[in-house]
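As provided, query-v1.tsv (TSV, C-alpha atoms) reads as follows.
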```
chain	number	residue	atom	x	y	z
A	1	MET	CA	0.00	0.00	0.00
A	2	SER	CA	1.47	3.35	-0.98
A	3	ARG	CA	1.44	6.23	1.43
A	4	ARG	CA	0.56	9.72	0.20
A	5	SER	CA	3.15	12.40	0.68
A	6	GLY	CA	2.72	15.23	3.17
A	7	GLY	CA	2.30	17.63	0.23
A	8	ASP	CA	-0.66	15.64	-1.12
A	9	LEU	CA	-2.22	15.61	2.31
A	10	GLY	CA	-1.81	19.32	2.67
A	11	ARG	CA	-3.51	19.89	-0.68
A	12	SER	CA	-6.39	17.54	0.18
A	13	GLN	CA	-7.07	19.51	3.37
A	14	ARG	CA	-7.60	22.71	1.41
A	15	THR	CA	-9.81	21.43	-1.42
A	16	ILE	CA	-13.47	20.43	-1.65
A	17	ARG	CA	-14.50	17.80	-4.18
A	18	LEU	CA	-18.04	18.29	-5.58
A	19	GLY	CA	-18.47	15.62	-8.27
A	20	PRO	CA	-15.94	16.37	-11.02
A	21	LEU	CA	-15.16	19.83	-9.54
A	22	GLU	CA	-12.29	20.25	-7.09
A	23	LEU	CA	-12.41	23.74	-5.56
A	24	ARG	CA	-10.08	25.42	-3.14
A	25	SER	CA	-11.91	25.87	0.18
A	26	GLU	CA	-10.74	29.47	0.72
A	27	LEU	CA	-12.16	30.42	-2.69
A	28	VAL	CA	-15.54	28.77	-1.90
A	29	LEU	CA	-15.78	30.51	1.48
A	30	LEU	CA	-14.85	33.87	-0.08
A	31	LEU	CA	-17.60	33.47	-2.72
A	32	LEU	CA	-20.12	32.52	-0.01
A	33	CYS	CA	-19.19	35.60	2.07
A	34	ALA	CA	-19.63	37.85	-0.96
A	35	PHE	CA	-22.96	36.21	-1.74
A	36	ALA	CA	-24.08	36.64	1.89
A	37	ILE	CA	-23.23	40.37	1.86
A	38	ALA	CA	-25.20	40.76	-1.36
A	39	LEU	CA	-28.18	38.97	0.19
A	40	ILE	CA	-28.08	41.19	3.31
A	41	TRP	CA	-27.92	44.23	1.03
A	42	GLN	CA	-31.01	42.95	-0.82
A	43	HIS	CA	-32.81	41.81	2.43
A	44	GLN	CA	-32.99	38.20	1.12
A	45	TRP	CA	-33.03	36.55	4.58
A	46	LEU	CA	-34.03	33.05	3.38
A	47	GLY	CA	-31.12	33.04	0.96
A	48	LEU	CA	-28.86	34.19	3.80
A	49	VAL	CA	-29.92	31.16	5.90
A	50	ALA	CA	-29.18	28.88	2.91
A	51	CYS	CA	-25.79	30.52	2.57
A	52	ALA	CA	-24.99	29.94	6.28
A	53	LEU	CA	-26.02	26.27	6.00
A	54	SER	CA	-23.74	25.86	2.97
A	55	ALA	CA	-20.85	27.28	5.00
A	56	LEU	CA	-21.59	24.76	7.76
A	57	VAL	CA	-21.63	21.85	5.28
A	58	ILE	CA	-18.29	22.97	3.87
A	59	GLY	CA	-16.92	23.15	7.40
A	60	GLN	CA	-18.05	19.54	8.03
A	61	LEU	CA	-16.50	18.36	4.77
A	62	LEU	CA	-13.19	19.93	5.73
A	63	GLN	CA	-13.29	18.27	9.18
A	64	LYS	CA	-13.96	14.81	7.73
A	65	GLN	CA	-10.94	14.92	5.50
A	66	PRO	CA	-7.97	13.05	6.93
A	67	THR	CA	-5.26	14.99	8.61
A	68	SER	CA	-1.61	14.10	8.56
A	69	SER	CA	-1.66	13.17	12.29
A	70	ASP	CA	-4.38	10.56	11.61
A	71	ILE	CA	-2.28	8.69	9.09
A	72	ALA	CA	1.37	9.48	9.34
A	73	SER	CA	3.56	8.45	12.27
A	74	PRO	CA	4.49	11.23	14.68
A	75	GLU	CA	7.49	13.20	13.50
A	76	PRO	CA	10.75	12.31	15.24
A	77	GLY	CA	11.24	14.72	18.11
A	78	ALA	CA	7.54	15.50	18.40
A	79	SER	CA	6.45	16.02	21.99
A	80	PRO	CA	4.77	13.00	23.75
A	81	ASP	CA	1.73	15.15	24.60
A	82	ALA	CA	1.16	15.86	20.94
A	83	ALA	CA	1.43	12.14	20.10
A	84	ALA	CA	-0.87	10.93	22.93
A	85	PRO	CA	-4.25	11.23	21.14
A	86	ALA	CA	-2.87	9.38	18.12
A	87	SER	CA	-1.55	6.59	20.36
A	88	GLN	CA	-4.98	6.29	22.06
A	89	ASP	CA	-6.54	5.94	18.61
A	90	GLY	CA	-3.94	3.30	17.76
A	91	ILE	CA	-4.78	1.28	20.87
A	92	SER	CA	-8.50	1.39	20.05
A	93	LEU	CA	-7.83	0.49	16.44
A	94	MET	CA	-5.60	-2.47	17.34
A	95	ALA	CA	-8.01	-3.73	20.00
A	96	GLY	CA	-10.97	-3.38	17.65
A	97	ALA	CA	-9.16	-5.26	14.89
A	98	VAL	CA	-7.33	-8.01	16.77
A	99	VAL	CA	-9.49	-8.97	19.75
A	100	PRO	CA	-12.59	-10.00	17.76
A	101	VAL	CA	-10.36	-12.44	15.85
A	102	TRP	CA	-9.04	-13.92	19.13
A	103	SER	CA	-12.59	-14.06	20.36
A	104	ARG	CA	-13.83	-15.93	17.30
A	105	GLN	CA	-10.93	-18.39	17.50
A	106	LEU	CA	-11.55	-19.11	21.19
A	107	ALA	CA	-15.27	-19.56	20.54
A	108	ALA	CA	-14.43	-21.95	17.68
A	109	ILE	CA	-12.12	-23.99	19.95
A	110	GLN	CA	-14.88	-24.24	22.54
A	111	ALA	CA	-17.49	-25.27	19.99
A	112	SER	CA	-15.10	-27.81	18.47
A	113	VAL	CA	-14.24	-29.38	21.85
A	114	GLN	CA	-17.91	-29.50	22.84
A	115	SER	CA	-19.07	-31.03	19.60
A	116	GLY	CA	-16.25	-33.62	19.74
A	117	THR	CA	-17.21	-34.50	23.32
A	118	VAL	CA	-20.89	-34.87	22.43
A	119	GLU	CA	-19.96	-37.13	19.49
A	120	LEU	CA	-17.71	-39.29	21.66
A	121	LEU	CA	-20.36	-39.50	24.37
A	122	GLY	CA	-22.88	-40.70	21.81
A	123	SER	CA	-20.46	-43.45	20.72
A	124	PHE	CA	-19.72	-44.48	24.30
A	125	SER	CA	-23.39	-44.58	25.09
A	126	SER	CA	-23.78	-47.12	22.25
A	127	VAL	CA	-20.71	-49.09	23.38
A	128	MET	CA	-22.10	-49.26	26.92
A	129	GLY	CA	-25.40	-50.51	25.55
A	130	LEU	CA	-23.58	-53.21	23.59
A	131	GLN	CA	-21.60	-54.15	26.66
A	132	ASP	CA	-24.87	-54.61	28.58
A	133	GLN	CA	-26.17	-56.86	25.80
A	134	LEU	CA	-22.93	-58.85	25.90
A	135	SER	CA	-23.26	-59.38	29.67
A	136	THR	CA	-26.86	-60.56	29.27
A	137	GLN	CA	-25.91	-63.01	26.50
A	138	ILE	CA	-23.01	-64.38	28.56
A	139	GLN	CA	-25.36	-65.01	31.49
A	140	LEU	CA	-27.86	-66.79	29.24
A	141	LEU	CA	-25.18	-68.95	27.63
A	142	SER	CA	-23.55	-69.83	30.93
A	143	ALA	CA	-26.89	-71.12	32.19
A	144	GLN	CA	-27.18	-73.37	29.13
A	145	SER	CA	-23.59	-74.50	28.67
A	146	HIS	CA	-22.26	-77.49	30.53
A	147	ASN	CA	-19.28	-78.85	28.60
A	148	PRO	CA	-15.83	-77.66	29.77
A	149	GLU	CA	-14.83	-76.17	26.41
A	150	SER	CA	-17.92	-73.91	26.26
A	151	LEU	CA	-17.44	-72.87	29.87
A	152	GLN	CA	-13.83	-71.92	29.15
A	153	GLN	CA	-14.93	-69.77	26.20
A	154	LEU	CA	-17.62	-68.15	28.34
A	155	SER	CA	-15.06	-67.39	31.01
A	156	LEU	CA	-12.95	-65.60	28.39
A	157	LEU	CA	-15.98	-63.65	27.17
A	158	THR	CA	-16.79	-62.65	30.77
A	159	GLN	CA	-13.25	-61.31	31.20
A	160	ILE	CA	-13.58	-59.32	27.97
A	161	GLY	CA	-16.92	-57.92	29.16
A	162	ALA	CA	-15.43	-56.85	32.49
A	163	GLU	CA	-12.46	-55.21	30.73
A	164	MET	CA	-14.84	-53.38	28.40
A	165	GLN	CA	-16.75	-52.04	31.40
A	166	THR	CA	-13.52	-50.77	33.02
A	167	GLN	CA	-12.45	-49.10	29.78
A	168	CYS	CA	-15.88	-47.47	29.34
A	169	GLU	CA	-15.62	-46.09	32.85
A	170	ASN	CA	-12.13	-44.72	32.14
A	171	ALA	CA	-13.45	-43.16	28.95
A	172	LEU	CA	-16.26	-41.43	30.86
A	173	HIS	CA	-13.63	-40.07	33.24
A	174	GLY	CA	-11.43	-38.89	30.34
A	175	LEU	CA	-14.31	-37.25	28.50
A	176	GLN	CA	-14.81	-34.86	31.41
A	177	PHE	CA	-11.49	-33.16	30.57
A	178	GLY	CA	-13.01	-31.78	27.36
A	179	ASP	CA	-15.71	-30.07	29.37
A	180	ARG	CA	-13.15	-28.78	31.86
A	181	MET	CA	-11.00	-27.37	29.05
A	182	SER	CA	-14.02	-25.71	27.52
A	183	GLN	CA	-14.77	-23.98	30.84
A	184	MET	CA	-11.16	-22.78	31.14
A	185	VAL	CA	-11.23	-21.37	27.61
A	186	GLU	CA	-14.55	-19.66	28.34
A	187	VAL	CA	-12.97	-17.74	31.24
A	188	LEU	CA	-10.18	-16.51	28.95
A	189	HIS	CA	-12.67	-15.70	26.21
A	190	GLN	CA	-14.69	-13.47	28.54
A	191	ASP	CA	-11.57	-11.80	29.93
A	192	THR	CA	-10.25	-11.09	26.43
A	193	GLU	CA	-13.48	-9.31	25.55
A	194	ARG	CA	-13.43	-7.37	28.84
A	195	PHE	CA	-9.82	-6.39	28.11
A	196	ALA	CA	-10.72	-5.13	24.64
A	197	ARG	CA	-13.55	-3.02	26.04
A	198	HIS	CA	-11.28	-1.36	28.61
A	199	LEU	CA	-8.10	-1.09	26.53
A	200	PRO	CA	-8.79	2.42	25.16
A	201	GLN	CA	-8.82	3.74	28.77
A	202	MET	CA	-5.61	1.94	29.75
A	203	ALA	CA	-3.01	4.32	28.34
A	204	GLN	CA	-2.29	5.72	31.81
A	205	ALA	CA	-2.64	2.39	33.70
A	206	LYS	CA	-0.41	1.77	36.73
A	207	ALA	CA	0.94	-1.43	38.30
A	208	ALA	CA	-1.95	-1.37	40.79
A	209	ASP	CA	-4.42	-1.44	37.89
A	210	ALA	CA	-2.72	-4.54	36.46
A	211	GLN	CA	-2.86	-6.21	39.90
A	212	ALA	CA	-6.56	-5.37	40.24
A	213	TRP	CA	-7.25	-6.75	36.78
A	214	LEU	CA	-5.45	-10.02	37.51
A	215	ALA	CA	-7.19	-10.36	40.88
A	216	ALA	CA	-10.57	-9.97	39.17
A	217	LEU	CA	-9.58	-12.62	36.63
A	218	GLU	CA	-8.41	-14.98	39.37
A	219	ALA	CA	-11.72	-14.58	41.18
A	220	THR	CA	-13.48	-16.16	38.20
A	221	TYR	CA	-11.48	-19.41	38.41
A	222	THR	CA	-13.15	-22.50	39.77
A	223	THR	CA	-10.28	-24.98	39.74
A	224	ASP	CA	-6.94	-25.27	41.53
A	225	GLU	CA	-5.44	-25.93	38.11
A	226	GLN	CA	-6.41	-22.42	36.88
A	227	ARG	CA	-5.17	-20.77	40.09
A	228	LEU	CA	-1.79	-22.49	39.87
A	229	TYR	CA	-1.29	-21.72	36.18
A	230	HIS	CA	-2.22	-18.10	36.87
A	231	HIS	CA	0.82	-17.82	39.15
A	232	GLY	CA	3.09	-19.78	36.81
A	233	GLN	CA	3.09	-22.86	39.04
A	234	ALA	CA	2.92	-26.45	37.88
A	235	PHE	CA	-0.22	-28.50	38.37
A	236	THR	CA	-0.21	-32.18	39.22
A	237	PRO	CA	-3.56	-33.89	38.60
A	238	GLN	CA	-5.04	-35.25	41.81
A	239	GLN	CA	-7.13	-38.38	42.19
A	240	SER	CA	-10.73	-37.28	42.62
A	241	LYS	CA	-12.16	-38.08	46.03
A	242	VAL	CA	-15.54	-38.01	47.69
A	243	GLU	CA	-15.86	-35.96	50.86
A	244	TYR	CA	-18.86	-36.89	53.00
A	245	PHE	CA	-20.29	-34.31	55.38
B	1	MET	CA	-39.21	-49.45	40.53
B	2	SER	CA	-35.87	-47.67	40.08
B	3	LYS	CA	-34.96	-44.67	42.18
B	4	THR	CA	-34.84	-41.27	40.51
B	5	ILE	CA	-31.89	-38.91	40.61
B	6	LEU	CA	-32.15	-35.24	39.61
B	7	VAL	CA	-28.93	-34.15	37.85
B	8	VAL	CA	-28.38	-30.37	37.73
B	9	ASP	CA	-25.55	-29.12	35.52
B	10	ASP	CA	-25.32	-26.44	32.83
B	11	SER	CA	-23.01	-28.59	30.70
B	12	GLY	CA	-24.95	-30.98	28.48
B	13	SER	CA	-21.97	-33.29	27.99
B	14	PHE	CA	-21.42	-33.49	31.73
B	15	ARG	CA	-25.06	-34.34	32.38
B	16	THR	CA	-24.68	-37.12	29.80
B	17	VAL	CA	-21.61	-38.54	31.59
B	18	VAL	CA	-23.48	-38.56	34.92
B	19	LYS	CA	-26.62	-39.98	33.31
B	20	LEU	CA	-24.71	-42.82	31.63
B	21	ALA	CA	-22.99	-43.74	34.91
B	22	LEU	CA	-26.23	-43.67	36.94
B	23	GLN	CA	-28.41	-45.43	34.37
B	24	LYS	CA	-25.80	-48.16	34.12
B	25	ALA	CA	-26.19	-48.60	37.88
B	26	GLY	CA	-29.97	-48.91	37.52
B	27	TYR	CA	-31.16	-45.40	38.40
B	28	SER	CA	-33.61	-43.21	36.49
B	29	VAL	CA	-32.32	-39.72	35.73
B	30	VAL	CA	-34.11	-36.37	35.42
B	31	GLU	CA	-31.96	-33.54	34.01
B	32	ALA	CA	-31.98	-29.79	34.73
B	33	VAL	CA	-29.72	-27.12	33.19
B	34	ASP	CA	-29.45	-24.84	36.26
B	35	GLY	CA	-30.92	-24.21	39.71
B	36	GLN	CA	-33.94	-22.39	38.36
B	37	ASP	CA	-34.75	-25.21	35.92
B	38	ALA	CA	-34.25	-27.74	38.72
B	39	ILE	CA	-36.85	-26.03	40.93
B	40	GLY	CA	-39.30	-26.41	38.04
B	41	LYS	CA	-38.37	-30.09	37.65
B	42	LEU	CA	-38.95	-30.79	41.37
B	43	ASP	CA	-42.56	-29.52	41.47
B	44	GLY	CA	-43.91	-32.51	43.45
B	45	ALA	CA	-41.92	-35.14	41.52
B	46	LYS	CA	-40.55	-38.16	43.38
B	47	ILE	CA	-36.80	-37.47	43.58
B	48	ASN	CA	-34.64	-39.73	45.74
B	49	LEU	CA	-31.38	-37.79	45.46
B	50	ILE	CA	-29.99	-34.67	43.79
B	51	VAL	CA	-26.58	-34.39	42.09
B	52	CYS	CA	-25.78	-30.71	41.60
B	53	ASP	CA	-23.02	-28.57	40.06
B	54	VAL	CA	-21.98	-25.32	41.82
B	55	ASN	CA	-21.16	-22.78	39.10
B	56	MET	CA	-24.17	-22.34	36.83
B	57	PRO	CA	-26.00	-19.42	35.21
B	58	ASN	CA	-29.38	-18.08	36.42
B	59	MET	CA	-29.21	-19.90	39.76
B	60	ASP	CA	-25.99	-21.44	41.08
B	61	GLY	CA	-25.84	-24.76	42.92
B	62	LEU	CA	-25.40	-23.40	46.43
B	63	THR	CA	-28.39	-21.05	46.09
B	64	PHE	CA	-30.43	-23.98	44.75
B	65	LEU	CA	-29.30	-26.18	47.65
B	66	LYS	CA	-30.39	-23.54	50.19
B	67	HIS	CA	-33.74	-23.25	48.40
B	68	VAL	CA	-34.29	-27.03	48.40
B	69	LYS	CA	-33.79	-27.13	52.16
B	70	THR	CA	-36.69	-24.69	52.58
B	71	LEU	CA	-39.09	-26.99	50.67
B	72	ALA	CA	-40.97	-29.36	52.99
B	73	ALA	CA	-41.19	-32.14	50.39
B	74	TYR	CA	-37.45	-32.13	49.64
B	75	LYS	CA	-35.97	-30.97	52.94
B	76	PHE	CA	-34.51	-34.43	53.61
B	77	THR	CA	-33.59	-35.31	50.02
B	78	PRO	CA	-29.82	-35.88	50.01
B	79	VAL	CA	-27.79	-33.57	47.79
B	80	ILE	CA	-24.34	-34.38	46.37
B	81	MET	CA	-22.35	-31.42	45.04
B	82	LEU	CA	-20.41	-32.47	41.93
B	83	THR	CA	-18.19	-29.61	40.78
B	84	THR	CA	-14.82	-28.38	39.52
B	85	GLU	CA	-14.82	-26.05	42.54
B	86	SER	CA	-12.31	-27.20	45.14
B	87	GLN	CA	-11.99	-24.18	47.45
B	88	GLU	CA	-12.42	-25.03	51.10
B	89	ALA	CA	-14.62	-21.96	51.64
B	90	LYS	CA	-17.09	-23.20	49.02
B	91	LYS	CA	-17.09	-26.69	50.50
B	92	ALA	CA	-17.79	-25.22	53.95
B	93	GLU	CA	-20.66	-23.22	52.48
B	94	GLY	CA	-22.07	-26.37	50.89
B	95	ARG	CA	-21.75	-28.31	54.10
B	96	ALA	CA	-23.46	-25.54	56.10
B	97	ALA	CA	-26.27	-25.42	53.56
B	98	GLY	CA	-26.96	-29.13	54.00
B	99	ALA	CA	-25.04	-30.96	51.24
B	100	LYS	CA	-24.25	-34.59	52.10
B	101	ALA	CA	-21.14	-35.01	49.94
B	102	TRP	CA	-18.74	-33.06	47.74
B	103	ILE	CA	-17.16	-34.67	44.66
B	104	THR	CA	-14.60	-32.80	42.58
B	105	LYS	CA	-14.65	-33.12	38.77
B	106	PRO	CA	-13.34	-34.97	36.90
B	107	PHE	CA	-14.67	-37.95	38.85
B	108	GLN	CA	-14.59	-41.71	38.41
B	109	PRO	CA	-18.13	-42.90	37.60
B	110	SER	CA	-17.76	-45.72	40.15
B	111	GLN	CA	-17.10	-43.10	42.88
B	112	LEU	CA	-20.30	-41.29	42.04
B	113	VAL	CA	-22.31	-44.51	41.93
B	114	ASP	CA	-20.87	-45.57	45.31
B	115	ALA	CA	-21.82	-42.23	46.84
B	116	VAL	CA	-25.33	-42.37	45.35
B	117	ASN	CA	-25.80	-45.96	46.58
B	118	ARG	CA	-24.71	-44.91	50.04
B	119	LEU	CA	-26.87	-41.78	50.31
B	120	CYS	CA	-29.95	-42.61	48.23
B	121	VAL	CA	-33.12	-42.84	50.32
```
How does the structure come out when it is put into structure tokens?
Amino acid sequence: MSRRSGGDLGRSQRTIRLGPLELRSELVLLLLCAFAIALIWQHQWLGLVACALSALVIGQLLQKQPTSSDIASPEPGASPDAAAPASQDGISLMAGAVVPVWSRQLAAIQASVQSGTVELLGSFSSVMGLQDQLSTQIQLLSAQSHNPESLQQLSLLTQIGAEMQTQCENALHGLQFGDRMSQMVEVLHQDTERFARHLPQMAQAKAADAQAWLAALEATYTTDEQRLYHHGQAFTPQQSKVEYF
Amino acid sequence: MSKTILVVDDSGSFRTVVKLALQKAGYSVVEAVDGQDAIGKLDGAKINLIVCDVNMPNMDGLTFLKHVKTLAAYKFTPVIMLTTESQEAKKAEGRAAGAKAWITKPFQPSQLVDAVNRLCV
């Protein structure tokens, strides 16, 4: 993308484009003033109002045209105070452009994890149903079988059935991690959006503001895992236990 | 006739995990998506035990638990809190509100079934 020179910018600030006509703004204002004086001289008050409105429209057109500080980087050696409004605009622009993309990506991860978990759960539900059928069939056959060879085969099938049940149970335990991950991503998703909303007002933020922000984020955690990661500490998965009251 | 468990959790996949584990153990399951929905599901229904998450929209699990304990028909229905929340302060709040057990996610289905077998009235 080419960048216009300062000279071009300067010219664009002082011209008004009306269809194919490009007029210098000073010339237009001078003509309007002359016209207004003529109207006052002739007591044409309605025309005078129209003339004033035209001047206002021209003023608006001139304001809407880009200025060099909107586009160009601050000049080397420019004072920080002069550059501050531009940097605020830059923060808003960056936040407005980047954060929605992060947000969409995080939402997509969540949706993907959830849909994968639902699909897996559907499959495991079927597997568990089949395992129930297998157990029932083994019981029926064991009641009917009497020869040693059949009983040995049934014993093997019973072992397979029991192993399948254990594996299904482990799978149901493992599938909960998808849900847990989705919850952790949701917390970050919400905080990212909160951050984007507040970013334009953060130019003068202090260390205490950062601490307050992080404390608010930490308050939304529900797991020890999140709290430890927040402080850069390692997490070792614990065996789940039941506490009776 | 099988006993009925009310499972309250805002995560559909989590409710499915709990439902599969409990149905496998011979229980009937009624599902609710949050505390408010669960109050609607109670409405005179025969519920032998409640398994409830803590962090949920509209009405969280601890608020629901406190509400259940004010209902004459469900005052003595045992409630198991099943949650990712592991802070001692939350557990103490649950205990004070009348929960009978606290299980931290992710859980082993056999643990849940054992707890339900032990507490189910």
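With only C-alpha atoms as the basis for measurement, A:Leu172 is the residue among A:Ala234, A:Leu172, A:Leu217, A:Met184 that approaches B:Phe107 most closely.
Residues of chain B having any atom within 7 Å of chain A, counting only C-alpha atoms, are Ser13, Phe14, Val17, Leu20, Thr84, Glu85, Ser86, Arg95, Lys100, Ala101, Trp102, Ile103, Thr104, Lys105, Pro106, Phe107, Gln108 and Pro109 of chain B.
The two atoms in question, atom CA of B:Asp34 and atom CA of B:Ile50, are spaced 12.4 Å apart.
For the atom pair formed by atom CA of B:Ala89 and atom CA of B:Gly35, the distance is 20.3 Å, given to one decimal.
Contact shell of B:Val30 at 9 Å (all atoms listed in the file; same-chain neighbours under 5 positions omitted): Thr4, Ile5, Leu6, Val7, Val8, Lys19, Lys41 and Ile47 of chain B.
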### Using only C-alpha atoms: which of B:Lys46, B:Arg118, B:Lys24, B:His67 has the shortest distance to B:Ile80
B:Arg118
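Across the model, the gap from atom CA of B:Gln36 to atom CA of A:Gln190 is 23.4 Å.
With all atoms listed in the file as the basis for measurement, B:Glu93 is the residue among B:Cys120, B:Ile39, B:Val29, B:Glu93 that approaches B:Leu62 most closely.
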### Task
Please identify all polymer residues within 7 Å of stretch 88-93 of chain A, counting only C-alpha atoms, omitting same-chain residues fewer than 4 positions from it, and present them as an NGL selection string.
:A and (84 or 97 or 199-200 or 203)
### Query
If we count only C-alpha atoms, what is near B:Asp43 at a cut-off of 12 Å, once residues fewer than 4 positions away on the same chain are taken out, given as a PyMOL selection string?
chain B and resi 36-39+47+68+71-74
Could you please fill out stretch 122-139 of chain A with N, CA and C atoms and send it back as a PDB file, in the frame of the given file?
```
ATOM      1  N   GLY A 122     -21.882 -39.930  22.543  1.00  0.00           N
ATOM      2  CA  GLY A 122     -22.880 -40.700  21.810  1.00  0.00           C
ATOM      3  C   GLY A 122     -22.348 -42.097  21.492  1.00  0.00           C
ATOM      4  N   SER A 123     -21.075 -42.156  21.041  1.00  0.00           N
ATOM      5  CA  SER A 123     -20.460 -43.450  20.720  1.00  0.00           C
ATOM      6  C   SER A 123     -20.335 -44.316  21.966  1.00  0.00           C
ATOM      7  N   PHE A 124     -19.904 -43.700  23.072  1.00  0.00           N
ATOM      8  CA  PHE A 124     -19.720 -44.480  24.300  1.00  0.00           C
ATOM      9  C   PHE A 124     -21.049 -44.959  24.865  1.00  0.00           C
ATOM     10  N   SER A 125     -22.074 -44.159  24.655  1.00  0.00           N
ATOM     11  CA  SER A 125     -23.390 -44.580  25.090  1.00  0.00           C
ATOM     12  C   SER A 125     -23.780 -45.880  24.362  1.00  0.00           C
ATOM     13  N   SER A 126     -23.480 -45.914  23.041  1.00  0.00           N
ATOM     14  CA  SER A 126     -23.780 -47.120  22.250  1.00  0.00           C
ATOM     15  C   SER A 126     -22.909 -48.289  22.707  1.00  0.00           C
ATOM     16  N   VAL A 127     -21.621 -48.021  22.939  1.00  0.00           N
ATOM     17  CA  VAL A 127     -20.710 -49.090  23.380  1.00  0.00           C
ATOM     18  C   VAL A 127     -21.183 -49.669  24.708  1.00  0.00           C
ATOM     19  N   MET A 128     -21.626 -48.781  25.613  1.00  0.00           N
ATOM     20  CA  MET A 128     -22.100 -49.260  26.920  1.00  0.00           C
ATOM     21  C   MET A 128     -23.361 -50.101  26.773  1.00  0.00           C
ATOM     22  N   GLY A 129     -24.203 -49.709  25.824  1.00  0.00           N
ATOM     23  CA  GLY A 129     -25.400 -50.510  25.550  1.00  0.00           C
ATOM     24  C   GLY A 129     -25.024 -51.882  25.037  1.00  0.00           C
ATOM     25  N   LEU A 130     -24.036 -51.929  24.139  1.00  0.00           N
ATOM     26  CA  LEU A 130     -23.580 -53.210  23.590  1.00  0.00           C
ATOM     27  C   LEU A 130     -22.960 -54.081  24.684  1.00  0.00           C
ATOM     28  N   GLN A 131     -22.243 -53.410  25.574  1.00  0.00           N
ATOM     29  CA  GLN A 131     -21.600 -54.150  26.660  1.00  0.00           C
ATOM     30  C   GLN A 131     -22.650 -54.762  27.588  1.00  0.00           C
ATOM     31  N   ASP A 132     -23.764 -54.053  27.791  1.00  0.00           N
ATOM     32  CA  ASP A 132     -24.870 -54.610  28.580  1.00  0.00           C
ATOM     33  C   ASP A 132     -25.455 -55.840  27.896  1.00  0.00           C
ATOM     34  N   GLN A 133     -25.624 -55.726  26.570  1.00  0.00           N
ATOM     35  CA  GLN A 133     -26.170 -56.860  25.800  1.00  0.00           C
ATOM     36  C   GLN A 133     -25.226 -58.065  25.903  1.00  0.00           C
ATOM     37  N   LEU A 134     -23.937 -57.787  25.814  1.00  0.00           N
ATOM     38  CA  LEU A 134     -22.930 -58.850  25.900  1.00  0.00           C
ATOM     39  C   LEU A 134     -23.030 -59.571  27.253  1.00  0.00           C
ATOM     40  N   SER A 135     -23.159 -58.796  28.318  1.00  0.00           N
ATOM     41  CA  SER A 135     -23.260 -59.380  29.670  1.00  0.00           C
ATOM     42  C   SER A 135     -24.496 -60.268  29.770  1.00  0.00           C
ATOM     43  N   THR A 136     -25.616 -59.793  29.230  1.00  0.00           N
ATOM     44  CA  THR A 136     -26.860 -60.560  29.270  1.00  0.00           C
ATOM     45  C   THR A 136     -26.704 -61.883  28.509  1.00  0.00           C
ATOM     46  N   GLN A 137     -26.095 -61.812  27.318  1.00  0.00           N
ATOM     47  CA  GLN A 137     -25.910 -63.010  26.500  1.00  0.00           C
ATOM     48  C   GLN A 137     -24.988 -64.013  27.199  1.00  0.00           C
ATOM     49  N   ILE A 138     -23.943 -63.495  27.844  1.00  0.00           N
ATOM     50  CA  ILE A 138     -23.010 -64.380  28.560  1.00  0.00           C
ATOM     51  C   ILE A 138     -23.742 -65.113  29.688  1.00  0.00           C
ATOM     52  N   GLN A 139     -24.590 -64.379  30.393  1.00  0.00           N
ATOM     53  CA  GLN A 139     -25.360 -65.010  31.490  1.00  0.00           C
ATOM     54  C   GLN A 139     -26.284 -66.092  30.957  1.00  0.00           C
TER      55      GLN A 139
END
```
